[in-house]
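Asker: Please see the structure below; I have some questions.
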Amino acid sequence: MKRTMLELTAAAILVVGFASGAQAKGKTFALIQYNQQVSFFTDITRGAQKAADAAGDKLLVFDANNSAQAQDSAFDTYIQQKVDGIVIVSVDQNGIMPAVKSAAAAKIPVIAVDGVLPEGPQASQISVDNYAAGKLIGEFYIDYVKANLGGKATLGVVGALNSDLQNIRQKGFDDVIKPAGGITTVGIVDGRNIQDQALSAAENLLTGNPDMQTIYATGEPALVGAIAAAQSQGRTEKVKIFGWDLSPQAVAAVDAGYLVGVVQQDPYQEGEKAIEALATLAAGGAVEKAIKVPVTIVTKKNIDQFRAAYK
C-alpha cells in the first residue's frame with residue numbers, strides 16, 4: 001500500500017467539485033478518506049461533495065485504501081499545496097496526530113470525522129457517541145433475547161480490533177449485556193475493517209461454533225462479512241445478527257429476517273457538516289470542538305425509511 005509522492009499528486013488524488021468545467025469560485029478543501037470501497041465512507045464523501053458544490057468550493061478526495069502511511073503522505077501533499085482545510089477519516093487515530101499538528105502549524109484547519117482523535121489542534125471532531133450507541137444496540141439486543149430466546153443466548157462478535165472506535169462500540173455493548181446475564185460469548189474475531197478479512201473471520205467464527213445463536217458486528221465490513229458467512233454456511237435460519245451501518249446486503253438481510261437490528265449513523269450528514277465547518281473557519285468564524293450526529297436503530301419496522309439510499 002506504499003504510495004510515492006508522485007502517485008499521490010498525479011493519480012490517487014481525485015479532483016472533483018468543478019462547476020460547468022470552470023474552476024470553483026471559493027476555497028479548496030481536502031478529504032483524506034479511510035477507503036472508498038465501503039458504503040459508509042463513500043456516503044461521507046457524497047455529503048462532503050454536496051456541501052462543497054453548494055458553496056462553490058473545490059473538494060480534493062484522497063482514497064488511503066486502509067493505509068495509515070498513505071494518509072500521512074496525503075497530509076504532506078495537501079500542506080504543500082496550501083489547501084484551505086483538511087477533513088480526515090483516520091485509519092490510525094493516534095498515528096495521524098503528527099500530521100494533524102503539522103497542518104495546524106501551517107495554519108490549515110483540520111476536521112476529524114468518524115474516528116475520534118486524541119486531544120490536539122484539530123478544529124472539530126464530527127462523530128457519533130460510539131459508546132452510547134454501543135449501549136443502545138446492547139439494550140436492543142437484550143430485549144430481543146428476552147422476548148425471543150428465553151433470556152439466554154450464545155454470542156459471537158465480528159470486530160475490528162485495530163479500530164479504536166469499534167472497540168468503544170464493543171465496550172458499550174458489553175457494558176450492557178454482561179450485567180444482564182444469560183449471554184455466553186463464544187468467540188471474538190478480528191475483521192480489521194477490511195471486507196475480505198471480515199468475511200473470513202466470520203466464516204471461522206461460524207464454523208467453530210455450530211450452535212451459536214447470535215452475532216454482533218461492530219462496523220460495516222464486519223456486518224457484511226457476517227451476513228455473507230451466514231448465507232454461505234446456510235445458517236440464516238438459526239443465527240440472528242445485530243450490527244452497525246446499512247449497506248445493500250444489510251437491507252436484504254433485514255428484509256429476510258435474520259439481521260434484526262442495525263445501528264445506522266448518518267455519514268452523509270457527517271461529510272456535509274465537515275465541509276460546512278471548514279467553510280465557516282475559512283470565513284473567520286468559529287465551530288464547536290465536538291459535533292455529535294445522532295444514530296437510529298434500524299429494524300424491519302423502519303427499514304423503508306432507508307431503503308432508497310441502498311438500491
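All residue names refer to the C-alpha cells as shown: chains lettered A, B, ... in order, residues numbered from 1 in each chain, ligands numbered from 1 in order.
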Might you pull out every residue within 12 Å of A:Val89, with only C-alpha atoms counted and same-chain residues fewer than 5 positions away left off, and present them as number ranges by chain?

Answerer: A: 30-36, 40-42, 44-45, 48, 61-68, 71-72, 75, 96, 100, 110-117, 125-127, 163, 165, 267, 270-271, 274

Asker: Keeping C-alpha atoms, export the residues of the selection given above as a PDB file, in the first residue's frame.

Answerer:
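Below is the file out39.pdb, written as the result:
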ATOM      1  CA  ALA A  30      -9.204  18.164   1.007  1.00  0.00           C
ATOM      2  CA  LEU A  31     -10.881  14.994   2.249  1.00  0.00           C
ATOM      3  CA  ILE A  32      -8.488  12.192   3.233  1.00  0.00           C
ATOM      4  CA  GLN A  33     -10.605   9.041   3.269  1.00  0.00           C
ATOM      5  CA  TYR A  34     -10.167   5.728   5.078  1.00  0.00           C
ATOM      6  CA  ASN A  35     -11.180   3.934   1.896  1.00  0.00           C
ATOM      7  CA  GLN A  36     -13.654   4.398  -0.930  1.00  0.00           C
ATOM      8  CA  PHE A  40     -20.237   4.313   4.981  1.00  0.00           C
ATOM      9  CA  PHE A  41     -17.128   6.114   3.759  1.00  0.00           C
ATOM     10  CA  THR A  42     -18.463   6.831   0.275  1.00  0.00           C
ATOM     11  CA  ILE A  44     -19.220  10.748   3.826  1.00  0.00           C
ATOM     12  CA  THR A  45     -17.641  11.711   0.514  1.00  0.00           C
ATOM     13  CA  ALA A  48     -18.857  16.487   1.639  1.00  0.00           C
ATOM     14  CA  VAL A  61     -10.577  13.485  -2.296  1.00  0.00           C
ATOM     15  CA  PHE A  62      -7.825  11.033  -1.449  1.00  0.00           C
ATOM     16  CA  ASP A  63      -8.502   7.309  -1.011  1.00  0.00           C
ATOM     17  CA  ALA A  64      -5.981   5.895   1.501  1.00  0.00           C
ATOM     18  CA  ASN A  65      -7.219   2.345   0.852  1.00  0.00           C
ATOM     19  CA  ASN A  66      -6.892   1.421   4.553  1.00  0.00           C
ATOM     20  CA  SER A  67      -3.279   2.688   4.784  1.00  0.00           C
ATOM     21  CA  ALA A  68      -2.251   4.962   7.656  1.00  0.00           C
ATOM     22  CA  GLN A  71      -2.870   9.198   4.905  1.00  0.00           C
ATOM     23  CA  ASP A  72       0.331  10.682   6.352  1.00  0.00           C
ATOM     24  CA  PHE A  75      -1.322  15.294   4.587  1.00  0.00           C
ATOM     25  CA  ILE A  96      -2.229  10.573  12.428  1.00  0.00           C
ATOM     26  CA  VAL A 100      -2.638  16.946  12.130  1.00  0.00           C
ATOM     27  CA  VAL A 110      -8.362  20.045  10.312  1.00  0.00           C
ATOM     28  CA  ILE A 111     -11.777  18.477  10.902  1.00  0.00           C
ATOM     29  CA  ALA A 112     -11.840  14.853  12.073  1.00  0.00           C
ATOM     30  CA  VAL A 113     -14.787  12.687  11.007  1.00  0.00           C
ATOM     31  CA  ASP A 114     -15.783   9.302  12.459  1.00  0.00           C
ATOM     32  CA  GLY A 115     -12.568   8.075  14.116  1.00  0.00           C
ATOM     33  CA  VAL A 116     -12.163  10.121  17.304  1.00  0.00           C
ATOM     34  CA  LEU A 117      -8.728  11.722  17.550  1.00  0.00           C
ATOM     35  CA  GLN A 125     -14.486  16.300  15.795  1.00  0.00           C
ATOM     36  CA  ILE A 126     -17.619  15.120  13.981  1.00  0.00           C
ATOM     37  CA  SER A 127     -18.844  11.703  15.055  1.00  0.00           C
ATOM     38  CA  SER A 163     -10.121   0.337  15.271  1.00  0.00           C
ATOM     39  CA  LEU A 165     -13.901   3.475  17.748  1.00  0.00           C
ATOM     40  CA  PRO A 267     -22.292   9.535   7.285  1.00  0.00           C
ATOM     41  CA  GLU A 270     -21.117  13.957   8.750  1.00  0.00           C
ATOM     42  CA  GLY A 271     -19.492  14.774   5.404  1.00  0.00           C
ATOM     43  CA  ALA A 274     -17.289  18.719   7.951  1.00  0.00           C
TER      44      ALA A 274
END

Asker: Do a neighbour search on A:Val260 at 10 Å with only C-alpha atoms, toss out local chain neighbours closer than 5 positions, and write the hits as a list of chain:residue names.

Answerer: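 What passes the distance filter is A:Phe140, A:Tyr141, A:Tyr144, A:Thr214, A:Lys240, A:Ile241, A:Phe242, A:Gly243, A:Ala250, A:Ala253, A:Val254, A:Asp255, A:Ile297, A:Val298, A:Thr299, A:Lys300.
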
Asker: Determine which residues of stretch 67-311 of chain A DSSP labels as alpha helix (DSSP H) from the backbone of this structure, then write them out as a PyMOL selection string.

Answerer: chain A and resi 68-81+97-105+130-148+164-180+195-208+220-232+248-256+267-282

Asker: I want to know what sits within 12 Å of stretch 232-238 of chain A, based on only C-alpha atoms, with residues of the same chain fewer than 4 positions away left out; could you give that as an NGL selection string?

Answerer: :A and (149 or 153-154 or 199-200 or 202-215 or 225-228 or 253-254 or 256-260)

Asker: Using N, CA, C and O atoms, can you write the selected residues to a file as a compact mmCIF listing (two decimals), in the first residue's frame?

Answerer:
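Now in again18.txt:
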# COMPACT_ATOMS: atom_id res chain seq x y z
N LEU A 149 -35.66 -15.53 22.87
CA LEU A 149 -34.76 -16.65 23.12
C LEU A 149 -34.76 -17.08 24.58
O LEU A 149 -33.82 -17.72 25.05
N ALA A 153 -28.64 -16.68 25.45
CA ALA A 153 -28.16 -16.82 24.08
C ALA A 153 -26.65 -16.96 24.06
O ALA A 153 -25.95 -16.46 24.95
N THR A 154 -26.16 -17.65 23.04
CA THR A 154 -24.72 -17.66 22.78
C THR A 154 -24.43 -16.57 21.74
O THR A 154 -25.20 -16.36 20.81
N LEU A 199 -15.06 -11.24 6.22
CA LEU A 199 -15.78 -12.43 5.75
C LEU A 199 -15.08 -13.70 6.23
O LEU A 199 -15.73 -14.62 6.76
N SER A 200 -13.77 -13.76 6.07
CA SER A 200 -13.02 -14.94 6.50
C SER A 200 -13.14 -15.14 8.02
O SER A 200 -13.35 -16.27 8.48
N ALA A 202 -15.58 -14.10 9.98
CA ALA A 202 -16.96 -14.51 10.31
C ALA A 202 -17.19 -15.97 9.96
O ALA A 202 -17.88 -16.70 10.71
N GLU A 203 -16.63 -16.42 8.85
CA GLU A 203 -16.77 -17.83 8.48
C GLU A 203 -16.11 -18.73 9.52
O GLU A 203 -16.66 -19.77 9.91
N ASN A 204 -14.93 -18.32 9.99
CA ASN A 204 -14.25 -19.10 11.03
C ASN A 204 -15.06 -19.12 12.33
O ASN A 204 -15.13 -20.15 13.02
N LEU A 205 -15.66 -17.99 12.66
CA LEU A 205 -16.48 -17.90 13.87
C LEU A 205 -17.66 -18.86 13.78
O LEU A 205 -17.95 -19.60 14.74
N LEU A 206 -18.33 -18.88 12.65
CA LEU A 206 -19.48 -19.76 12.47
C LEU A 206 -19.08 -21.22 12.44
O LEU A 206 -19.73 -22.09 13.04
N THR A 207 -17.99 -21.52 11.74
CA THR A 207 -17.52 -22.91 11.66
C THR A 207 -17.14 -23.46 13.02
O THR A 207 -17.44 -24.61 13.36
N GLY A 208 -16.49 -22.61 13.82
CA GLY A 208 -16.03 -23.05 15.13
C GLY A 208 -17.12 -23.12 16.20
O GLY A 208 -16.89 -23.67 17.28
N ASN A 209 -18.29 -22.56 15.88
CA ASN A 209 -19.37 -22.51 16.87
C ASN A 209 -20.70 -22.88 16.20
O ASN A 209 -21.54 -22.02 15.91
N PRO A 210 -20.88 -24.16 15.91
CA PRO A 210 -22.05 -24.60 15.14
C PRO A 210 -23.39 -24.33 15.82
O PRO A 210 -24.42 -24.30 15.15
N ASP A 211 -23.39 -24.12 17.14
CA ASP A 211 -24.65 -23.88 17.85
C ASP A 211 -24.84 -22.41 18.23
O ASP A 211 -25.78 -22.09 18.97
N MET A 212 -23.97 -21.55 17.74
CA MET A 212 -24.06 -20.13 18.08
C MET A 212 -25.38 -19.55 17.59
O MET A 212 -25.81 -19.79 16.46
N GLN A 213 -26.02 -18.74 18.45
CA GLN A 213 -27.35 -18.21 18.13
C GLN A 213 -27.36 -16.78 17.62
O GLN A 213 -28.25 -16.39 16.88
N THR A 214 -26.38 -15.97 18.06
CA THR A 214 -26.40 -14.55 17.70
C THR A 214 -25.00 -14.05 17.37
O THR A 214 -24.00 -14.60 17.84
N ILE A 215 -24.95 -12.98 16.55
CA ILE A 215 -23.69 -12.33 16.19
C ILE A 215 -23.86 -10.82 16.35
O ILE A 215 -24.90 -10.25 16.00
N GLY A 225 -19.60 -9.03 6.22
CA GLY A 225 -18.93 -10.33 6.31
C GLY A 225 -19.76 -11.34 7.06
O GLY A 225 -19.85 -12.51 6.65
N ALA A 226 -20.38 -10.93 8.16
CA ALA A 226 -21.22 -11.84 8.93
C ALA A 226 -22.43 -12.30 8.12
O ALA A 226 -22.82 -13.48 8.16
N ILE A 227 -23.03 -11.38 7.38
CA ILE A 227 -24.18 -11.71 6.54
C ILE A 227 -23.78 -12.74 5.48
O ILE A 227 -24.44 -13.76 5.27
N ALA A 228 -22.66 -12.47 4.78
CA ALA A 228 -22.21 -13.36 3.71
C ALA A 228 -21.84 -14.73 4.26
O ALA A 228 -22.14 -15.77 3.64
N ALA A 253 -30.78 -8.45 4.19
CA ALA A 253 -30.79 -9.33 5.36
C ALA A 253 -31.86 -8.93 6.37
O ALA A 253 -32.46 -9.79 7.03
N VAL A 254 -32.11 -7.62 6.52
CA VAL A 254 -33.22 -7.16 7.37
C VAL A 254 -34.54 -7.67 6.80
O VAL A 254 -35.39 -8.19 7.53
N ALA A 256 -35.00 -10.24 5.00
CA ALA A 256 -35.07 -11.70 5.15
C ALA A 256 -35.31 -12.12 6.60
O ALA A 256 -35.69 -13.27 6.85
N GLY A 257 -35.06 -11.23 7.54
CA GLY A 257 -35.40 -11.51 8.93
C GLY A 257 -34.27 -11.95 9.83
O GLY A 257 -34.45 -12.02 11.05
N TYR A 258 -33.08 -12.25 9.30
CA TYR A 258 -32.02 -12.72 10.18
C TYR A 258 -31.08 -11.61 10.65
O TYR A 258 -30.31 -11.80 11.58
N LEU A 259 -31.13 -10.44 10.02
CA LEU A 259 -30.48 -9.25 10.57
C LEU A 259 -31.56 -8.49 11.32
O LEU A 259 -32.48 -7.93 10.73
N VAL A 260 -31.43 -8.46 12.64
CA VAL A 260 -32.53 -7.98 13.49
C VAL A 260 -32.47 -6.48 13.72
O VAL A 260 -33.50 -5.80 13.68

Asker: Give the strand (DSSP E or B) residues of stretch 146-236 of chain A, as DSSP finds them on the backbone, and put them as an MDAnalysis selection string.

Answerer: chainID A and resid 153:159 183:190 214:217

Asker: Kindly indicate which residue among A:Ala123, A:Val145, A:Ile137, A:Val186 lies nearest to A:Val157, using only C-alpha atoms for the distances.

Answerer: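 When distances to A:Val157 are compared using only C-alpha atoms, the smallest one comes from A:Val186.
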
Asker: Here is a test: counting only C-alpha atoms, which residue of A:Val224, A:Ile177, A:Leu60, A:Ala217 is nearest to A:Leu136?

Answerer: A:Ile177

Asker: Nearest residue to A:Tyr268 out of A:Ala252, A:Ala133, A:Ala309, A:Leu281, using only C-alpha atoms?

Answerer: A:Ala309

Asker: Rounded to one decimal, what separation in Å do you get between atom CA of A:Gly219 and atom CA of A:Ala147?

Answerer: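 Between atom CA of A:Gly219 and atom CA of A:Ala147 the gap works out to 25.3 Å.
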
Asker: Hey, what's within 12 Å of A:Ala105 if we count only C-alpha atoms and toss same-chain stuff fewer than 3 positions away? As a ChimeraX atom specification, please?

Answerer: /A:79,82,98-102,108-110,120-122

Asker: Give the answer as one residue: which of A:Gly138, A:Gly156, A:Gln264, A:Glu220 has the shortest atom-to-atom distance to A:Val189, using only C-alpha atoms?

Answerer: A:Gly156
